[in-house]
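Enquirer: Mind having a look at this structure? Questions to follow.
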Amino acid sequence: MRSTITGIAGAYRFTLLAGAATFALAMPGTAFAQEQDPEVEAPESSNVIIVTASKREQTLQETPISVSVTSGETLENAQIRDVLDLQTVTPSLRVSQLQSASATTFIIRGFGNGDNNFGIEPSVGVFIDGVFRSRSAAALSDLNMVSRIEVLNGPQSTLFGKNASAGVISVVTKEPEYEFGGVVEASYGNYNAMVVRGEVTGPITDNIAFSLDGSYNKRDGYARIVNLDEELSDRNRWSARGQLLIEPSTDFKIRIIGDYGRIDEVCCQVSTLVAGPSAPAVFAVGGALDTNFFSYNTFLSQVPRNTVDNYGGSIQADWNVGNLTVTSITAYRELKNFLDQDVDFTSADVVTETRDQKVDTFTQELRIASDFDGPINFLLGGFYFDESISQDSRLTTGADTRAFFSLLAGNPLVFNGVEQGLGLPQNSIFSPGPLTAEQFAMDNKSWSVFGTVDFEPADGLVFTAGFNYTDDKKDFALAQQSFDELANINLVDAFITGATRANPNLPDVFTRAQFQALPGAVQQQLLAAATNPATNPLLGLTPFQFQPPFLNLPNAVEPGRTQDDQFTYLLRAAYEVSNEVNLYASYATGFKASSINLSRDSRPAFGDYIPGPGRSSFAAPASPITNGGLGVANLGTGSRFAGPEKAQVYEIGMKAQWDGFGFNLALFDQTIKGFQSFLFTGTGFQLNNAGEQSVRGFEVDATINPTDGLVFTFAATHLDPKFNSFDESPVGNLTGARPGGIPAWSIATSATYTLEFGDSGNSLVTRLDYAHESNVAINNGLPTFNAALRNTRIFQRETNLVNASMTFKLENGLEIGAWARNLLDDQYIITVFDGVAQAGTVSGYPSQPRTYGGLVRFRF
């Protein structure tokens with residue numbers, strides 16, 4: 001039973017793996033036919049996979065959801081170390097690590113958000129053992145002692161709440177067992193990569209079992225800070241977890257989990273893709289930069305530092321009462337994230353950023369599910385979420401800042417003249433020291449009730465209706481101190497003040513009230529001269545006012561509060577055509593609550609404040625902020641928060657499983673209204689709602705066992721996305737355009753062969769896998785770089801990753817293996833962004849180079 005897919009293979013340069021790909025079709029096909037969950041007693045068929053995507057234990061074939069399952073066995077064979085590698089076996093998922101070790105983006109079917117701002121909630125929810133990890137930094141521990149990973153595609157708000165508008169990643173770890181055993185493993189690879197991990201489990205009493213596991217992952221950096229002779233993009237992390245399984249009776253089970261994870265890494269490599277007109281100024285002040293994007297050489301003024309402490313515990317209790325099961329999951333977690341890095345990404349000492357963030361989260365879920373013989377079954381639950389976030393951060397100007405910006409202005413003495421003209425102390429503008437100091441805080445309380453009802457009027461035909469009502473409230477406070485003298489002066493108002501002081505026929509103007517008291521004709525004459533670069537040379541300094549004063553909140557106009565509530569629902573019909581084939585069709589809605597711009601780029605909404613020409617306070621029209629006397633110099637407008645996302649998806653699918661062959665297909669039409677877009681603009685981040693974004697496509701997968709020991713998989717996702725409406729993006733009106741960064745094709749295929757050496761119990765497991773993303777525009781343009789070029793130069797990305805492993809397993813539990821990831825050393829651009837305060841420069845993140853090594857594992 002072999003299918004040849006020559007069209008796709010020929011179109012995308014994967015000749016090397018075409019032989020493996022020709023054996024199958026695919027969707028999220030990492031759920032190999034021979035895998036099974038060791039925690040659940042499966043039917044006799046060896047290709048049954050148990051999942052809990054519907055918060056019930058069901059076989060993968062019975063679950064009418066587009067879900068990809070990666071087993072613990074696959075994680076071991078494919079040498080998948082953390083969630084960054086998971087995308088190579090799950091084509092609908094994309095994961096990228098960008099600015100720091102803790103800044104990771106999860107995207108499913110083209111929808112997702114970055115994690116560079118802790119006020120922005122994820123669109124893809126990550127759950128570990130049923131506990132929601134609210135920020136990706138809390139989900140980055142190495143994948144140790146994992147039973148399986150389920151990736152649920154599309155909106156999952158009905159059962160998983162407000163943070164699953166694009167999908168869910170659910171990690172299920174192994175439960176403690178009553179038979180003593182475990183595993184220890186050591187791996188060594190290039191870049192002095194060393195991974196040591198282990199787990200042990202066993203009984204304490206007849207009804208109490210325990211497990212302990214831990215991992216240590218250390219690697220030299222594959223990049224280098226040339227001027228500091230330091231390594232960059234290294235690995236240095238460890239984690240530990242302990243579990244207790246308590247079963248007082250056959251109907252009552254308690255699972256207690258406590259874990260701690262630590263990351264202390266030098267991350268991440270940023271390369272220069274285009275050196276703009278500012279590059280000579282970098283060299284002129286003694287700095288440097290490397291324009292060979294894949295040299296993995298960089299120049300920085302300091303070694304970046306990022307530490308993450310992530311710890312917490314959970315208690316899950318399951319109580320069977322007749323045909324009902326009551327489940328309670330209580331969890332508390334803390335996340336501490338600290339980073340200190342050079343953010344101009346050159347060795348010129350221009351600007352550095354420090355962030356110190358803390359997140360405390362308490363969650364409680366309670367649900368009851370039925371298992372009746374009759375035609376109706378139900379699941380009913382409630383969820384409570386209480387989280388507090390705090391952040392202290394700052395920007396610091398370095399010793400080269402003043403000279404660097406003077407060169408960009410074209411006059412090394414420009415700021416001396418400005419200081420003299422404005423009455424500022426000499427050498428005060430861009431003097432070394434604090435540029436900004438920021439204090440942000442947010443409290444988020446949310447509760448929801450949810451449920452599903454299954455009605456089976458005839459054998460094999462099931463109608464499902466589900467609902468979720470969520471109420472979400474956020475209270476936030478933001479404050480900032482801006483220390484740069486130039487940024488605290490509005491250049492239009494300064495000109496007006498100077499002009500009136502120099503004119504004996506006019507009263508001196510120092511305030512808006514004094515300006516507004518002037519005759520209208522005089523106001524217009526002064527304003528015309530103040531906003532004309534020919535008469536007001538100060539206007540040329542406007543680009544250097546990077547961090548103007550900040551309007552703190554709450555204030556009399558802005559309460560610093562959002563409150564959202566939403567009813568979402570699910571309608572689905574599933575039909576078991578035969579024991580081998582299931583069909584389903586569904587319609588579901590999703591919801592994500594408002595996100596807050598916890599950054600120095602938070603600005604009042606237009607209407608709350610209306611700036612005057614050139615951000616003049618004197619000429620600012622009446623508005624609530626102006627009328628309330630709250631305005632500050634150079635105040636602009638933007639967004640404090642982005643409103644809720646609302647999603648919907650139509651989906652039809654088929655799941656089929658025969659002896660030795662499995663096939664799954666899902667076709668979908670998915671839309672998100674108000675998608676929360678967060679984009680770097682060169683000196684800050686812009687948060688706003690895209691009007692509507694949609695995607696149509698399909699996911700298809702198959703697994704084939706043509707003979708004993710041989711398994712082929714092939715998975716593909718095809719996406720056709722579109723901005724249905726996005727009028728006010730940072731790069732202009734994108735309505736009708738294809739969103740950047742979403743490839744038309746994502747493909748993952750693998751071949752695994754287990755060679756048994758007779759009856760000896762020894763075997764050799766060989767695996768080869770390939771992941772491909774078709775060529776795609778990385779984004780829809782850069783606000784600074786592409787604006788000057790009228791969006792004519794868009795950077796592209798295509799990925800072709802080959803991974804391989806071979807493990808010799810002895811009957812006595814000893815295993816010896818070798819592995820390679822990115823075997824062919826494929827190089828591609830992960831993403832790009834405007835150079836920080838360097839107009840015309842483009843920076844970006846290069847892909848990781850080839851890694852390889854060997855391992856020794858012992859099971860007992």
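Chain labels follow the order of the structure tokens: the first chain is A, the next B, and so on; residue numbering restarts at 1 in every chain, and ligands are counted from 1 in their shown order.
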Pull the strand (DSSP E) assignments for range 634-700 of chain A out of DSSP run on the backbone, and list those residues as a PyMOL selection string.
Expert: chain A and resi 641-642+645-658+661-680+685-700
Enquirer: Within 7 Å of Ser594 in chain A, counting only C-alpha atoms, which residues qualify if same-chain residues fewer than 2 places away don't, as a list in words?
Expert: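 So the residues in contact are Lys592, Ile596, Phe641, Ala642, Gly643 and Pro644 of chain A.
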Enquirer: Identify which of the residues A:Asn803, A:Gln269, A:Gln563, A:Thr589 lies closest to Asp826 in chain A, counting only C-alpha atoms when measuring atom-to-atom distances.
Expert: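 Closest to Asp826 in chain A of all the choices is A:Asn803.
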Enquirer: Can you list, as a list in words, every protein, DNA or RNA residue that comes within 6 Å of range 599-605 of chain A when you count only C-alpha atoms, leaving out same-chain residues fewer than 3 positions away?
Expert: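 Neighbouring residues, sequence-local ones excluded: Asp608, Thr637, Gly638, Ser639, Arg640 and Gly684 of chain A.
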Enquirer: Just the number, please: distance in Å from CA of Leu598 in chain A to CA of Leu339 in chain A, one decimal.
Expert: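 So the two atoms, CA of Leu598 in chain A and CA of Leu339 in chain A, lie 15.9 Å apart.
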Enquirer: Do a neighbour search on Arg355 in chain A at 8 Å with only C-alpha atoms, toss out local chain neighbours closer than 4 positions, and write the hits as an MDAnalysis selection string.
Expert: chainID A and resid 337:340 391:394
Enquirer: Just the selected residues (C-alpha atoms), exported as a PDB file, in the first residue's frame, please.
Expert:
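part08.pdb was written with the following content:
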```pdb
ATOM      1  CA  ASN A 337      12.610  36.092  34.213  1.00  0.00           C
ATOM      2  CA  PHE A 338      15.647  38.384  34.132  1.00  0.00           C
ATOM      3  CA  LEU A 339      17.498  39.670  31.093  1.00  0.00           C
ATOM      4  CA  ASP A 340      20.250  42.200  30.537  1.00  0.00           C
ATOM      5  CA  GLN A 391       8.127  44.130  35.797  1.00  0.00           C
ATOM      6  CA  ASP A 392      10.926  46.550  36.557  1.00  0.00           C
ATOM      7  CA  SER A 393      12.924  47.471  33.486  1.00  0.00           C
ATOM      8  CA  ARG A 394      15.182  50.182  32.199  1.00  0.00           C
TER       9      ARG A 394
END
```
Enquirer: Got a sec: who's within 10 Å of Gly498 in chain A, counting only C-alpha atoms, leaving out chain neighbours fewer than 3 positions off, as a list in words?
Expert: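 Result of the neighbour search: Gly421, Leu422, Asp493, Ala494, Phe495, Arg501, Ala502, Asn503, Asp508, Val509 and Phe510 of chain A.
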Enquirer: Step one, run DSSP on the backbone; step two, keep only residues of range 62-239 of chain A assigned to alpha helix (DSSP H); then write them as a PyMOL selection string.
Expert: chain A and resi 72-77+83-86+157-160
Enquirer: Restricted to all heavy atoms, what would the selected residues look like written as a compact mmCIF listing (two decimals), in the first residue's frame?
Expert:
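Result file is selection.txt:
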```txt
# COMPACT_ATOMS: atom_id res chain seq x y z
N GLY A 72 6.35 9.63 23.76
CA GLY A 72 7.65 9.69 24.40
C GLY A 72 8.69 8.89 23.65
O GLY A 72 9.87 9.27 23.61
N GLU A 73 8.26 7.79 23.06
CA GLU A 73 9.19 6.97 22.27
C GLU A 73 9.71 7.74 21.06
O GLU A 73 10.91 7.69 20.74
CB GLU A 73 8.51 5.68 21.83
CG GLU A 73 9.40 4.75 21.04
CD GLU A 73 8.68 3.49 20.58
OE1 GLU A 73 7.46 3.40 20.80
OE2 GLU A 73 9.35 2.62 20.00
N THR A 74 8.81 8.47 20.39
CA THR A 74 9.24 9.27 19.25
C THR A 74 10.18 10.39 19.68
O THR A 74 11.16 10.70 19.00
CB THR A 74 8.02 9.87 18.54
OG1 THR A 74 7.20 8.80 18.04
CG2 THR A 74 8.44 10.76 17.38
N LEU A 75 9.89 11.00 20.83
CA LEU A 75 10.78 12.05 21.34
C LEU A 75 12.19 11.52 21.54
O LEU A 75 13.18 12.19 21.23
CB LEU A 75 10.24 12.61 22.65
CG LEU A 75 8.89 13.34 22.60
CD1 LEU A 75 8.45 13.72 24.01
CD2 LEU A 75 8.95 14.56 21.71
N GLU A 76 12.29 10.29 22.06
CA GLU A 76 13.61 9.68 22.26
C GLU A 76 14.27 9.34 20.94
O GLU A 76 15.44 9.67 20.71
CB GLU A 76 13.48 8.43 23.12
CG GLU A 76 13.31 8.69 24.61
CD GLU A 76 13.45 7.43 25.42
OE1 GLU A 76 13.53 6.33 24.82
OE2 GLU A 76 13.48 7.53 26.66
N ASN A 77 13.54 8.69 20.06
CA ASN A 77 14.13 8.25 18.80
C ASN A 77 14.56 9.44 17.93
O ASN A 77 15.59 9.39 17.25
CB ASN A 77 13.15 7.38 18.02
CG ASN A 77 12.96 6.01 18.65
OD1 ASN A 77 13.80 5.55 19.43
ND2 ASN A 77 11.84 5.36 18.35
N VAL A 83 10.73 21.97 23.27
CA VAL A 83 9.59 22.29 22.40
C VAL A 83 10.03 22.96 21.10
O VAL A 83 9.29 22.96 20.13
CB VAL A 83 8.58 23.18 23.14
CG1 VAL A 83 7.89 22.42 24.24
CG2 VAL A 83 9.26 24.42 23.70
N LEU A 84 11.23 23.53 21.04
CA LEU A 84 11.70 24.13 19.81
C LEU A 84 11.85 23.09 18.70
O LEU A 84 11.68 23.39 17.52
CB LEU A 84 13.04 24.83 20.03
CG LEU A 84 13.02 26.05 20.96
CD1 LEU A 84 14.44 26.54 21.20
CD2 LEU A 84 12.18 27.16 20.38
N ASP A 85 12.20 21.86 19.09
CA ASP A 85 12.38 20.79 18.10
C ASP A 85 11.07 20.13 17.72
O ASP A 85 11.03 19.38 16.74
CB ASP A 85 13.33 19.73 18.65
CG ASP A 85 14.74 20.24 18.87
OD1 ASP A 85 15.14 21.17 18.15
OD2 ASP A 85 15.42 19.73 19.77
N LEU A 86 10.01 20.38 18.48
CA LEU A 86 8.75 19.66 18.26
C LEU A 86 8.17 19.94 16.88
O LEU A 86 7.51 19.09 16.29
CB LEU A 86 7.75 20.04 19.36
CG LEU A 86 6.44 19.25 19.41
CD1 LEU A 86 6.73 17.77 19.66
CD2 LEU A 86 5.53 19.81 20.49
N SER A 157 -11.36 26.87 22.68
CA SER A 157 -11.82 27.63 23.83
C SER A 157 -12.92 26.93 24.61
O SER A 157 -13.12 27.21 25.79
CB SER A 157 -12.30 29.02 23.39
OG SER A 157 -11.24 29.77 22.86
N THR A 158 -13.67 26.04 23.99
CA THR A 158 -14.78 25.39 24.69
C THR A 158 -14.29 24.67 25.93
O THR A 158 -14.86 24.81 27.01
CB THR A 158 -15.51 24.41 23.74
OG1 THR A 158 -15.99 25.13 22.61
CG2 THR A 158 -16.68 23.76 24.46
N LEU A 159 -13.23 23.90 25.81
CA LEU A 159 -12.73 23.12 26.95
C LEU A 159 -11.50 23.73 27.60
O LEU A 159 -11.20 23.42 28.75
CB LEU A 159 -12.42 21.68 26.51
CG LEU A 159 -13.63 20.83 26.11
CD1 LEU A 159 -13.17 19.45 25.66
CD2 LEU A 159 -14.63 20.71 27.25
N PHE A 160 -10.76 24.57 26.88
CA PHE A 160 -9.49 25.06 27.41
C PHE A 160 -9.49 26.56 27.70
O PHE A 160 -8.47 27.12 28.08
CB PHE A 160 -8.34 24.72 26.45
CG PHE A 160 -8.04 23.25 26.38
CD1 PHE A 160 -8.66 22.44 25.44
CD2 PHE A 160 -7.15 22.68 27.27
CE1 PHE A 160 -8.38 21.09 25.38
CE2 PHE A 160 -6.86 21.31 27.21
CZ PHE A 160 -7.49 20.52 26.27
```
Enquirer: With distances taken over only C-alpha atoms, which of A:Phe405, A:Phe463, A:Tyr587, A:Tyr569 is nearest to Phe544 in chain A?
Expert: A:Phe405
Enquirer: When you count only C-alpha atoms, which of these residues is closest to Gly732 in chain A: A:Ala619, A:Leu782, A:Leu98, A:Leu710?
Expert: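 When distances to Gly732 in chain A are compared using only C-alpha atoms, the smallest one comes from A:Leu782.
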Enquirer: Excluding same-chain residues fewer than 3 positions from Asn579 in chain A, what lies within 9 Å of it counting only C-alpha atoms, as a list in words?
Expert: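 These residues fall inside the cut-off: Glu576, Asn582, Ala656, Gln657 and Trp658 of chain A.
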Enquirer: Take the selection from the previous step and output its residues with C-alpha atoms, as a CSV table (one decimal), in the first residue's frame.
Expert:
```csv
chain,number,residue,atom,x,y,z
A,576,GLU,CA,-18.4,5.8,12.8
A,582,ASN,CA,-14.7,7.8,11.5
A,656,ALA,CA,-9.2,5.8,9.5
A,657,GLN,CA,-7.1,3.0,10.9
A,658,TRP,CA,-6.5,-0.4,9.3
```
Enquirer: Do a neighbour search on Glu580 in chain A at 12 Å with only C-alpha atoms, toss out local chain neighbours closer than 5 positions, and write the hits as a PyMOL selection string.
Expert: chain A and resi 45+47-48+60-62+460+575+654-664
Enquirer: For Arg237 in chain A, which residue out of A:Lys358, A:Arg81, A:Arg109, A:Lys253 is the nearest one, using only C-alpha atoms?
Expert: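 For Arg237 in chain A, the nearest of the given residues is A:Arg81.
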Enquirer: Under the rule that only C-alpha atoms are counted, which of A:Phe283, A:Phe127, A:Phe404, A:Phe430 is the nearest residue to Thr363 in chain A?
Expert: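 Result for the nearest residue to Thr363 in chain A: A:Phe127.
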Enquirer: I need the residue nearest Val95 in chain A from this list: A:Ile704, A:Ile315, A:Ile830, A:Ile747. Use only C-alpha atoms for the distance.
Expert: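 With only C-alpha atoms as the atom set, the closest residue is A:Ile830.
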